[in-house]
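Below is one structure, written out as structure tokens, with a few remarks after it.
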Amino acid sequence: RVAQRYTHNLEAYEYFQRGQSSLLVRERADNESAREMFRRAITLDPAFARAYAGVALTYAADYRNRWTEDGNAALDRAFEMARTAYQMDPDSAETYWVLAFVNVERRQHDDALQYLATAVRLFPSFADGYALMGGVYTYIGRPAETVPLLRTAMRLDPQAGYLYFLLLGRAYFFLGDLEQAGVNLKYALARNPASLEAHVYMAALQVASDDRA
């Protein structure tokens, strides 16, 4: 029943789920495995929009993590695949999210915020939409607007992963609230000890705390 929201091909959905699992590892080899799984899903169902969105995220990861010599080409490919997914299924919250995420990587923050605003208007319980929107506001120097968005995301998804806590911790860091920044960054690391960004902000937090001592 879950699969039928996105595809009528159960085997394609199984490949998609395997791709999602590999993508979450956030390592280069797993990213390549994820792309292969998403491509197999597309082969079985060429109209499977979320699988195209998954491919887009793998190329965005190549760009973000410098896993390819031609980062600009990877980002262009990510945008192409994200736009294809959105055009195929504009009624999916996830396709809005992926297109917004790729636009963040392209530094097109206004476009990203427009897609996310539409997503949460159409899908008010879409926690990831609020979370990414909050992350974008920190990127553009408005961390005070991040906090309520992340709180909303966490309320909608009490089982929030480490990224929610990382985004909230980062916002508090830039707001100068080092205590709350530390609490949330520690939660992020407890959920994903391998998060390089969380470690970087914890180090920055320690430096800022020492400067205040």
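By convention in this document, the chains of the structure tokens carry letters A, B, ... by their order, each chain's residues are numbered from 1, and ligands are numbered from 1 in the order they are shown.
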
Counting only C-alpha atoms, which residues of region 113-153 of chain A fall within 10 Å of region 165-183 of chain A, and what is the closest atom pair for each with its distance in Å at one decimal, ordered by chain and rising number, as a Markdown table?
```
| residue | atom | partner | partner_atom | distance |
| --- | --- | --- | --- | --- |
| A:Ala131 | CA | A:Leu167 | CA | 7.7 |
| A:Leu132 | CA | A:Leu167 | CA | 8.5 |
| A:Gly134 | CA | A:Leu167 | CA | 7.5 |
| A:Gly135 | CA | A:Leu167 | CA | 5.8 |
| A:Val136 | CA | A:Leu167 | CA | 9.5 |
| A:Tyr137 | CA | A:Ala171 | CA | 8.9 |
| A:Thr138 | CA | A:Ala171 | CA | 6.1 |
| A:Tyr139 | CA | A:Ala171 | CA | 9.3 |
| A:Gly141 | CA | A:Phe174 | CA | 8.6 |
| A:Arg142 | CA | A:Ala171 | CA | 8.6 |
| A:Pro143 | CA | A:Ala171 | CA | 4.9 |
| A:Ala144 | CA | A:Leu175 | CA | 6.9 |
| A:Glu145 | CA | A:Ala171 | CA | 8.8 |
| A:Thr146 | CA | A:Ala171 | CA | 6.4 |
| A:Val147 | CA | A:Leu168 | CA | 6.2 |
| A:Pro148 | CA | A:Leu168 | CA | 9.4 |
| A:Leu149 | CA | A:Leu168 | CA | 9.2 |
| A:Leu150 | CA | A:Leu168 | CA | 6.3 |
| A:Arg151 | CA | A:Leu168 | CA | 8.3 |
```

(request) Can you pull out every residue within 12 Å of Val120 (chain A), counting only C-alpha atoms, but drop anything in the same chain fewer than 3 positions away, and send it as a VMD selection string? (result) chain A and resid 91 to 94 96 to 97 113 to 117 123 to 133 149 152 to 153 156

Dump as a compact mmCIF listing (two decimals), in the first residue's frame, selection limited to C-alpha atoms:
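Once everything was written out, this is part00.txt:
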```txt
# COMPACT_ATOMS: atom_id res chain seq x y z
CA ASP A 91 1.89 16.54 -6.09
CA SER A 92 4.65 14.91 -4.03
CA ALA A 93 6.15 16.70 -1.05
CA GLU A 94 9.42 14.87 -1.61
CA TYR A 96 9.54 19.73 -3.86
CA TRP A 97 12.07 18.98 -1.13
CA LEU A 113 12.50 28.83 -0.10
CA GLN A 114 9.69 29.24 -2.63
CA TYR A 115 9.55 25.50 -3.28
CA LEU A 116 9.61 24.75 0.43
CA ALA A 117 6.92 27.31 1.23
CA PHE A 123 1.50 19.34 2.98
CA PRO A 124 1.31 21.01 6.43
CA SER A 125 2.65 17.93 8.25
CA PHE A 126 5.77 17.66 6.06
CA ALA A 127 8.45 17.85 8.75
CA ASP A 128 11.42 17.71 6.39
CA GLY A 129 10.10 20.75 4.56
CA TYR A 130 10.16 22.87 7.71
CA ALA A 131 13.59 21.52 8.66
CA LEU A 132 15.21 22.34 5.33
CA MET A 133 13.57 25.74 5.28
CA LEU A 149 10.85 26.02 11.96
CA THR A 152 7.86 22.63 14.27
CA ALA A 153 9.70 19.90 12.36
CA LEU A 156 5.78 16.79 13.60
```

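Distances here use only C-alpha atoms; by that measure, the residue among A:Glu14, A:Glu27, A:Asp110, A:Asp76 closest to Ala61 (chain A) is A:Glu27.
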
(message) Quick check, in Å to one decimal: how far apart do CA of Leu196 (chain A) and CA of Val25 (chain A) lie?
(response) 12.8 Å

(request) Might you pull out every residue within 12 Å of Arg40 (chain A), with only C-alpha atoms counted and same-chain residues fewer than 4 positions away left off, and present them as a VMD selection string? (result) chain A and resid 9 11 to 19 33 to 36 44 to 46 48 51 to 52 54 to 55

(message) Could you tell me how far CA of His199 (chain A) sits from CA of Gly161 (chain A), in Å to one decimal place?
(response) 16.1 Å

(message) So that I can see what lies close to Tyr86 (chain A), please list as a ChimeraX atom specification the residues with an atom at most 7 Å from it, counting only C-alpha atoms and leaving out residues fewer than 3 positions away in the same chain.
(response) /A:82-83,89-90,95-96

Please identify the helix (DSSP H, G or I) residues within region 48-202 of chain A (assignment by DSSP from backbone atoms) and present them as a compact mmCIF listing (two decimals) with N, CA, C and O atoms, in the first residue's frame.
```txt
# COMPACT_ATOMS: atom_id res chain seq x y z
N ALA A 49 8.82 8.88 -10.08
CA ALA A 49 9.40 10.21 -9.85
C ALA A 49 10.37 10.23 -8.68
O ALA A 49 11.43 10.86 -8.74
N ARG A 50 10.03 9.56 -7.59
CA ARG A 50 10.90 9.61 -6.41
C ARG A 50 12.24 8.93 -6.67
O ARG A 50 13.24 9.26 -6.02
N ALA A 51 12.27 7.99 -7.58
CA ALA A 51 13.56 7.37 -7.93
C ALA A 51 14.44 8.37 -8.67
O ALA A 51 15.66 8.43 -8.44
N TYR A 52 13.84 9.18 -9.55
CA TYR A 52 14.60 10.25 -10.20
C TYR A 52 15.11 11.24 -9.15
O TYR A 52 16.26 11.71 -9.23
N ALA A 53 14.27 11.54 -8.17
CA ALA A 53 14.69 12.44 -7.10
C ALA A 53 15.85 11.86 -6.32
O ALA A 53 16.78 12.57 -5.92
N GLY A 54 15.82 10.54 -6.12
CA GLY A 54 16.92 9.88 -5.44
C GLY A 54 18.22 10.00 -6.20
O GLY A 54 19.28 10.26 -5.62
N VAL A 55 18.16 9.82 -7.51
CA VAL A 55 19.36 9.98 -8.34
C VAL A 55 19.89 11.40 -8.20
O VAL A 55 21.10 11.63 -8.09
N ALA A 56 18.98 12.37 -8.19
CA ALA A 56 19.39 13.77 -8.03
C ALA A 56 20.18 13.97 -6.74
O ALA A 56 21.22 14.64 -6.73
N LEU A 57 19.73 13.35 -5.67
CA LEU A 57 20.42 13.51 -4.39
C LEU A 57 21.81 12.88 -4.42
O LEU A 57 22.72 13.38 -3.76
N THR A 58 21.98 11.80 -5.17
CA THR A 58 23.32 11.19 -5.24
C THR A 58 24.29 12.11 -5.96
O THR A 58 25.46 12.22 -5.57
N TYR A 59 23.83 12.80 -7.00
CA TYR A 59 24.71 13.74 -7.70
C TYR A 59 24.98 14.97 -6.84
O TYR A 59 26.10 15.52 -6.85
N ALA A 60 23.96 15.40 -6.09
CA ALA A 60 24.18 16.51 -5.17
C ALA A 60 25.21 16.14 -4.11
O ALA A 60 26.04 16.97 -3.71
N ALA A 61 25.18 14.88 -3.66
CA ALA A 61 26.17 14.42 -2.68
C ALA A 61 27.57 14.39 -3.29
O ALA A 61 28.56 14.73 -2.62
N ASP A 62 27.67 14.00 -4.56
CA ASP A 62 28.97 14.03 -5.23
C ASP A 62 29.54 15.44 -5.22
O ASP A 62 30.74 15.65 -4.97
N TYR A 63 28.67 16.41 -5.51
CA TYR A 63 29.11 17.81 -5.53
C TYR A 63 29.47 18.29 -4.13
O TYR A 63 30.55 18.86 -3.91
N ARG A 64 28.60 18.03 -3.18
CA ARG A 64 28.77 18.55 -1.81
C ARG A 64 30.01 17.99 -1.14
O ARG A 64 30.73 18.70 -0.43
N GLY A 71 32.68 18.80 -10.24
CA GLY A 71 31.58 19.07 -9.34
C GLY A 71 30.45 19.84 -10.00
O GLY A 71 29.27 19.59 -9.73
N ASN A 72 30.79 20.78 -10.88
CA ASN A 72 29.74 21.57 -11.53
C ASN A 72 28.86 20.69 -12.41
O ASN A 72 27.64 20.89 -12.46
N ALA A 73 29.47 19.73 -13.10
CA ALA A 73 28.69 18.82 -13.93
C ALA A 73 27.76 17.96 -13.07
O ALA A 73 26.61 17.71 -13.43
N ALA A 74 28.26 17.53 -11.92
CA ALA A 74 27.43 16.74 -11.01
C ALA A 74 26.25 17.56 -10.50
O ALA A 74 25.12 17.06 -10.42
N LEU A 75 26.49 18.83 -10.18
CA LEU A 75 25.42 19.68 -9.69
C LEU A 75 24.40 19.96 -10.79
O LEU A 75 23.18 19.98 -10.53
N ASP A 76 24.88 20.16 -12.01
CA ASP A 76 23.96 20.36 -13.13
C ASP A 76 23.08 19.12 -13.33
O ASP A 76 21.88 19.22 -13.60
N ARG A 77 23.69 17.95 -13.21
CA ARG A 77 22.94 16.70 -13.37
C ARG A 77 21.93 16.54 -12.24
O ARG A 77 20.80 16.09 -12.46
N ALA A 78 22.33 16.91 -11.03
CA ALA A 78 21.41 16.85 -9.89
C ALA A 78 20.19 17.73 -10.15
O ALA A 78 19.04 17.32 -9.91
N PHE A 79 20.42 18.93 -10.67
CA PHE A 79 19.32 19.85 -10.93
C PHE A 79 18.40 19.30 -12.02
O PHE A 79 17.17 19.35 -11.91
N GLU A 80 19.00 18.74 -13.06
CA GLU A 80 18.22 18.17 -14.15
C GLU A 80 17.32 17.04 -13.65
O GLU A 80 16.12 16.97 -13.99
N MET A 81 17.88 16.15 -12.85
CA MET A 81 17.10 15.01 -12.35
C MET A 81 16.04 15.47 -11.35
O MET A 81 14.93 14.93 -11.32
N ALA A 82 16.37 16.44 -10.51
CA ALA A 82 15.40 16.95 -9.55
C ALA A 82 14.23 17.62 -10.27
O ALA A 82 13.06 17.45 -9.89
N ARG A 83 14.54 18.39 -11.30
CA ARG A 83 13.49 19.05 -12.06
C ARG A 83 12.61 18.04 -12.78
O ARG A 83 11.39 18.19 -12.86
N THR A 84 13.22 16.96 -13.29
CA THR A 84 12.46 15.90 -13.94
C THR A 84 11.49 15.26 -12.95
O THR A 84 10.32 15.04 -13.25
N ALA A 85 11.99 14.96 -11.74
CA ALA A 85 11.14 14.35 -10.72
C ALA A 85 9.96 15.25 -10.38
O ALA A 85 8.81 14.80 -10.28
N TYR A 86 10.23 16.54 -10.23
CA TYR A 86 9.18 17.49 -9.90
C TYR A 86 8.15 17.59 -11.03
O TYR A 86 6.93 17.62 -10.78
N GLN A 87 8.63 17.63 -12.26
CA GLN A 87 7.71 17.72 -13.40
C GLN A 87 6.85 16.47 -13.53
O GLN A 87 5.68 16.54 -13.92
N MET A 88 7.41 15.32 -13.16
CA MET A 88 6.67 14.07 -13.25
C MET A 88 5.62 13.96 -12.15
O MET A 88 4.55 13.38 -12.36
N ALA A 93 5.36 15.83 -1.91
CA ALA A 93 6.15 16.70 -1.05
C ALA A 93 7.64 16.47 -1.26
O ALA A 93 8.45 17.41 -1.23
N GLU A 94 8.01 15.21 -1.47
CA GLU A 94 9.42 14.87 -1.61
C GLU A 94 10.06 15.48 -2.84
O GLU A 94 11.24 15.85 -2.81
N THR A 95 9.31 15.58 -3.95
CA THR A 95 9.91 16.17 -5.15
C THR A 95 10.15 17.67 -4.95
O THR A 95 11.13 18.21 -5.46
N TYR A 96 9.28 18.33 -4.21
CA TYR A 96 9.54 19.73 -3.86
C TYR A 96 10.81 19.83 -3.02
O TYR A 96 11.65 20.71 -3.24
N TRP A 97 10.93 18.94 -2.05
CA TRP A 97 12.07 18.98 -1.13
C TRP A 97 13.38 18.79 -1.88
O TRP A 97 14.35 19.53 -1.65
N VAL A 98 13.43 17.81 -2.76
CA VAL A 98 14.68 17.52 -3.48
C VAL A 98 15.04 18.68 -4.39
O VAL A 98 16.21 19.09 -4.47
N LEU A 99 14.07 19.24 -5.08
CA LEU A 99 14.36 20.38 -5.95
C LEU A 99 14.84 21.57 -5.11
O LEU A 99 15.76 22.29 -5.51
N ALA A 100 14.24 21.77 -3.95
CA ALA A 100 14.71 22.83 -3.05
C ALA A 100 16.13 22.57 -2.59
O ALA A 100 16.97 23.48 -2.56
N PHE A 101 16.41 21.33 -2.19
CA PHE A 101 17.74 20.98 -1.70
C PHE A 101 18.81 21.24 -2.76
O PHE A 101 19.87 21.81 -2.48
N VAL A 102 18.54 20.83 -3.99
CA VAL A 102 19.51 21.05 -5.07
C VAL A 102 19.68 22.54 -5.32
O VAL A 102 20.80 23.02 -5.58
N ASN A 103 18.61 23.31 -5.22
CA ASN A 103 18.73 24.76 -5.38
C ASN A 103 19.56 25.39 -4.26
O ASN A 103 20.26 26.38 -4.49
N VAL A 104 19.50 24.82 -3.07
CA VAL A 104 20.37 25.30 -1.99
C VAL A 104 21.83 25.08 -2.38
O VAL A 104 22.68 25.97 -2.21
N GLU A 105 22.13 23.90 -2.91
CA GLU A 105 23.50 23.62 -3.34
C GLU A 105 23.93 24.55 -4.46
O GLU A 105 25.11 24.91 -4.56
N HIS A 109 18.95 30.39 -3.12
CA HIS A 109 18.19 30.25 -1.88
C HIS A 109 16.75 30.74 -2.00
O HIS A 109 15.85 30.14 -1.39
N ASP A 110 16.52 31.79 -2.75
CA ASP A 110 15.14 32.28 -2.90
C ASP A 110 14.27 31.23 -3.58
O ASP A 110 13.12 30.99 -3.17
N ASP A 111 14.81 30.59 -4.62
CA ASP A 111 14.05 29.54 -5.30
C ASP A 111 13.78 28.38 -4.35
O ASP A 111 12.66 27.83 -4.31
N ALA A 112 14.79 28.01 -3.57
CA ALA A 112 14.62 26.91 -2.62
C ALA A 112 13.50 27.23 -1.62
O ALA A 112 12.64 26.39 -1.33
N LEU A 113 13.51 28.44 -1.09
CA LEU A 113 12.50 28.83 -0.10
C LEU A 113 11.10 28.85 -0.71
O LEU A 113 10.11 28.50 -0.05
N GLN A 114 10.99 29.24 -1.97
CA GLN A 114 9.69 29.24 -2.63
C GLN A 114 9.14 27.83 -2.76
O GLN A 114 7.95 27.58 -2.50
N TYR A 115 10.00 26.89 -3.17
CA TYR A 115 9.55 25.50 -3.28
C TYR A 115 9.14 24.95 -1.92
O TYR A 115 8.13 24.25 -1.79
N LEU A 116 9.91 25.26 -0.90
CA LEU A 116 9.61 24.75 0.43
C LEU A 116 8.34 25.37 1.00
O LEU A 116 7.55 24.68 1.66
N ALA A 117 8.14 26.65 0.76
CA ALA A 117 6.92 27.31 1.23
C ALA A 117 5.69 26.67 0.59
O ALA A 117 4.66 26.46 1.26
N THR A 118 5.80 26.34 -0.69
CA THR A 118 4.69 25.67 -1.37
C THR A 118 4.48 24.28 -0.80
O THR A 118 3.35 23.85 -0.57
N ALA A 119 5.57 23.58 -0.54
CA ALA A 119 5.47 22.21 -0.02
C ALA A 119 4.76 22.18 1.32
O ALA A 119 3.87 21.36 1.54
N VAL A 120 5.13 23.08 2.24
CA VAL A 120 4.51 23.02 3.57
C VAL A 120 3.09 23.59 3.54
O VAL A 120 2.28 23.27 4.42
N ARG A 121 2.79 24.40 2.54
CA ARG A 121 1.40 24.87 2.40
C ARG A 121 0.51 23.74 1.90
O ARG A 121 -0.60 23.54 2.40
N LEU A 122 1.03 22.96 0.95
CA LEU A 122 0.25 21.85 0.41
C LEU A 122 0.25 20.64 1.35
O LEU A 122 -0.72 19.89 1.39
N ALA A 127 7.40 17.41 7.82
CA ALA A 127 8.45 17.85 8.75
C ALA A 127 9.74 18.23 8.04
O ALA A 127 10.37 19.24 8.37
N ASP A 128 10.16 17.43 7.07
CA ASP A 128 11.42 17.71 6.39
C ASP A 128 11.39 19.04 5.66
O ASP A 128 12.43 19.70 5.49
N GLY A 129 10.21 19.45 5.22
CA GLY A 129 10.10 20.75 4.56
C GLY A 129 10.42 21.89 5.50
O GLY A 129 11.16 22.81 5.16
N TYR A 130 9.86 21.84 6.71
CA TYR A 130 10.16 22.87 7.71
C TYR A 130 11.63 22.85 8.10
O TYR A 130 12.25 23.91 8.29
N ALA A 131 12.19 21.64 8.23
CA ALA A 131 13.59 21.52 8.66
C ALA A 131 14.53 22.13 7.64
O ALA A 131 15.44 22.90 7.98
N LEU A 132 14.33 21.79 6.36
CA LEU A 132 15.21 22.34 5.33
C LEU A 132 15.03 23.85 5.21
O LEU A 132 16.01 24.59 5.04
N MET A 133 13.80 24.30 5.32
CA MET A 133 13.57 25.74 5.28
C MET A 133 14.35 26.43 6.40
O MET A 133 14.98 27.48 6.19
N GLY A 134 14.33 25.82 7.58
CA GLY A 134 15.10 26.38 8.68
C GLY A 134 16.58 26.43 8.38
O GLY A 134 17.26 27.42 8.67
N GLY A 135 17.08 25.36 7.78
CA GLY A 135 18.49 25.34 7.41
C GLY A 135 18.85 26.43 6.43
O GLY A 135 19.91 27.06 6.55
N VAL A 136 17.97 26.69 5.49
CA VAL A 136 18.23 27.74 4.50
C VAL A 136 18.30 29.11 5.17
O VAL A 136 19.16 29.93 4.83
N TYR A 137 17.42 29.36 6.12
CA TYR A 137 17.43 30.67 6.78
C TYR A 137 18.74 30.91 7.53
O TYR A 137 19.25 32.04 7.58
N THR A 138 19.33 29.85 8.09
CA THR A 138 20.64 30.03 8.71
C THR A 138 21.68 30.35 7.64
O THR A 138 22.54 31.20 7.84
N TYR A 139 21.62 29.65 6.50
CA TYR A 139 22.57 29.90 5.42
C TYR A 139 22.56 31.36 4.99
O TYR A 139 23.61 31.93 4.65
N PRO A 143 19.31 33.18 11.37
CA PRO A 143 19.12 32.00 12.22
C PRO A 143 17.96 32.10 13.19
O PRO A 143 17.43 31.07 13.62
N ALA A 144 17.53 33.31 13.54
CA ALA A 144 16.39 33.45 14.45
C ALA A 144 15.13 32.84 13.83
O ALA A 144 14.24 32.36 14.56
N GLU A 145 15.03 32.86 12.49
CA GLU A 145 13.88 32.28 11.82
C GLU A 145 13.99 30.76 11.70
O GLU A 145 13.00 30.09 11.42
N THR A 146 15.19 30.26 11.92
CA THR A 146 15.41 28.81 11.86
C THR A 146 14.78 28.10 13.04
O THR A 146 14.18 27.04 12.88
N VAL A 147 14.92 28.66 14.22
CA VAL A 147 14.54 27.97 15.46
C VAL A 147 13.08 27.52 15.46
O VAL A 147 12.80 26.33 15.68
N PRO A 148 12.10 28.40 15.22
CA PRO A 148 10.70 27.93 15.25
C PRO A 148 10.40 26.90 14.17
O PRO A 148 9.56 26.02 14.39
N LEU A 149 11.07 26.99 13.03
CA LEU A 149 10.85 26.02 11.96
C LEU A 149 11.35 24.64 12.36
O LEU A 149 10.70 23.62 12.12
N LEU A 150 12.52 24.60 13.00
CA LEU A 150 13.05 23.31 13.45
C LEU A 150 12.22 22.76 14.60
O LEU A 150 12.01 21.54 14.69
N ARG A 151 11.72 23.62 15.48
CA ARG A 151 10.85 23.15 16.55
C ARG A 151 9.56 22.55 15.98
O ARG A 151 9.06 21.53 16.46
N THR A 152 9.05 23.17 14.94
CA THR A 152 7.86 22.63 14.27
C THR A 152 8.17 21.27 13.65
O THR A 152 7.39 20.31 13.78
N ALA A 153 9.31 21.17 12.98
CA ALA A 153 9.70 19.90 12.36
C ALA A 153 9.83 18.80 13.40
O ALA A 153 9.37 17.66 13.19
N MET A 154 10.43 19.12 14.54
CA MET A 154 10.61 18.11 15.59
C MET A 154 9.28 17.71 16.23
O MET A 154 9.10 16.57 16.64
N ARG A 155 8.36 18.66 16.31
CA ARG A 155 7.03 18.32 16.84
C ARG A 155 6.30 17.38 15.88
O ARG A 155 5.64 16.43 16.32
N LEU A 156 6.44 17.62 14.59
CA LEU A 156 5.78 16.79 13.60
C LEU A 156 6.43 15.42 13.47
O LEU A 156 5.77 14.44 13.12
N TYR A 162 19.48 12.95 13.17
CA TYR A 162 20.52 13.85 13.66
C TYR A 162 20.53 15.21 12.96
O TYR A 162 20.92 16.23 13.54
N LEU A 163 20.10 15.24 11.69
CA LEU A 163 20.16 16.49 10.95
C LEU A 163 19.31 17.59 11.58
O LEU A 163 19.68 18.77 11.57
N TYR A 164 18.15 17.22 12.12
CA TYR A 164 17.31 18.23 12.76
C TYR A 164 18.07 18.89 13.91
O TYR A 164 18.06 20.11 14.08
N PHE A 165 18.73 18.07 14.72
CA PHE A 165 19.47 18.60 15.86
C PHE A 165 20.70 19.40 15.42
O PHE A 165 21.04 20.41 16.02
N LEU A 166 21.33 18.95 14.33
CA LEU A 166 22.47 19.69 13.80
C LEU A 166 22.04 21.07 13.32
O LEU A 166 22.67 22.09 13.63
N LEU A 167 20.94 21.13 12.57
CA LEU A 167 20.46 22.41 12.06
C LEU A 167 20.05 23.34 13.20
O LEU A 167 20.32 24.55 13.16
N LEU A 168 19.41 22.78 14.22
CA LEU A 168 19.01 23.61 15.35
C LEU A 168 20.22 24.07 16.15
O LEU A 168 20.31 25.24 16.55
N GLY A 169 21.17 23.16 16.37
CA GLY A 169 22.38 23.53 17.09
C GLY A 169 23.17 24.61 16.37
O GLY A 169 23.69 25.55 16.99
N ARG A 170 23.24 24.49 15.06
CA ARG A 170 23.96 25.49 14.27
C ARG A 170 23.28 26.86 14.37
O ARG A 170 23.94 27.89 14.49
N ALA A 171 21.94 26.86 14.34
CA ALA A 171 21.22 28.13 14.45
C ALA A 171 21.49 28.79 15.80
O ALA A 171 21.77 30.00 15.88
N TYR A 172 21.43 28.00 16.87
CA TYR A 172 21.70 28.56 18.20
C TYR A 172 23.14 29.07 18.30
O TYR A 172 23.41 30.07 18.96
N PHE A 173 24.06 28.37 17.63
CA PHE A 173 25.46 28.81 17.65
C PHE A 173 25.58 30.22 17.05
O PHE A 173 26.22 31.10 17.64
N PHE A 174 24.96 30.44 15.92
CA PHE A 174 25.05 31.75 15.28
C PHE A 174 24.24 32.81 16.02
O PHE A 174 24.50 34.01 15.86
N LEU A 175 23.27 32.37 16.82
CA LEU A 175 22.53 33.32 17.64
C LEU A 175 23.29 33.67 18.92
O LEU A 175 22.88 34.55 19.67
N LEU A 178 25.19 29.57 23.25
CA LEU A 178 26.10 28.43 23.20
C LEU A 178 25.60 27.24 23.99
O LEU A 178 25.89 26.09 23.64
N GLU A 179 24.82 27.52 25.03
CA GLU A 179 24.30 26.41 25.84
C GLU A 179 23.34 25.54 25.02
O GLU A 179 23.49 24.31 24.96
N GLN A 180 22.38 26.17 24.37
CA GLN A 180 21.43 25.39 23.57
C GLN A 180 22.10 24.82 22.33
O GLN A 180 21.74 23.74 21.86
N ALA A 181 23.08 25.52 21.80
CA ALA A 181 23.84 24.97 20.67
C ALA A 181 24.50 23.67 21.09
O ALA A 181 24.45 22.67 20.36
N GLY A 182 25.13 23.67 22.25
CA GLY A 182 25.82 22.47 22.72
C GLY A 182 24.88 21.31 22.94
O GLY A 182 25.19 20.16 22.56
N VAL A 183 23.73 21.57 23.53
CA VAL A 183 22.76 20.50 23.79
C VAL A 183 22.36 19.82 22.48
O VAL A 183 22.35 18.58 22.37
N ASN A 184 22.03 20.62 21.49
CA ASN A 184 21.53 20.05 20.23
C ASN A 184 22.65 19.41 19.40
O ASN A 184 22.42 18.38 18.76
N LEU A 185 23.84 19.97 19.44
CA LEU A 185 24.95 19.35 18.72
C LEU A 185 25.33 18.01 19.34
O LEU A 185 25.68 17.06 18.64
N LYS A 186 25.22 17.91 20.66
CA LYS A 186 25.50 16.63 21.32
C LYS A 186 24.47 15.59 20.93
O LYS A 186 24.80 14.41 20.70
N TYR A 187 23.20 16.00 20.83
CA TYR A 187 22.17 15.09 20.37
C TYR A 187 22.46 14.63 18.93
O TYR A 187 22.26 13.47 18.58
N ALA A 188 22.90 15.57 18.10
CA ALA A 188 23.21 15.21 16.71
C ALA A 188 24.32 14.17 16.66
O ALA A 188 24.23 13.17 15.92
N LEU A 189 25.37 14.36 17.44
CA LEU A 189 26.49 13.43 17.44
C LEU A 189 26.12 12.09 18.07
O LEU A 189 26.63 11.03 17.66
N ALA A 190 25.21 12.10 19.03
CA ALA A 190 24.76 10.85 19.62
C ALA A 190 24.02 10.00 18.59
O ALA A 190 24.11 8.76 18.61
N ARG A 191 23.34 10.66 17.66
CA ARG A 191 22.60 9.95 16.62
C ARG A 191 23.46 9.62 15.41
O ARG A 191 23.17 8.68 14.68
N LEU A 196 30.68 14.87 10.19
CA LEU A 196 31.81 15.80 10.18
C LEU A 196 31.35 17.21 10.54
O LEU A 196 32.01 17.91 11.32
N GLU A 197 30.23 17.63 10.00
CA GLU A 197 29.76 19.00 10.25
C GLU A 197 29.44 19.21 11.73
O GLU A 197 29.76 20.26 12.30
N ALA A 198 28.85 18.20 12.36
CA ALA A 198 28.55 18.32 13.79
C ALA A 198 29.84 18.44 14.60
O ALA A 198 29.92 19.23 15.55
N HIS A 199 30.86 17.68 14.21
CA HIS A 199 32.15 17.78 14.91
C HIS A 199 32.78 19.16 14.71
O HIS A 199 33.37 19.72 15.65
N VAL A 200 32.66 19.70 13.51
CA VAL A 200 33.22 21.03 13.23
C VAL A 200 32.56 22.08 14.11
O VAL A 200 33.24 22.94 14.72
N TYR A 201 31.22 22.02 14.21
CA TYR A 201 30.53 23.02 15.03
C TYR A 201 30.78 22.80 16.51
O TYR A 201 30.82 23.77 17.28
N MET A 202 30.98 21.56 16.94
CA MET A 202 31.33 21.33 18.34
C MET A 202 32.70 21.93 18.65
O MET A 202 32.91 22.51 19.72
```

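Closest to Ile42 (chain A) among A:Arg107, A:Ile140, A:Asp211, A:Tyr6 is A:Tyr6, based on only C-alpha atoms.
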
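The gap separating CA of Arg39 (chain A) from CA of Asp70 (chain A) is 20.9 Å, in Å to one decimal.
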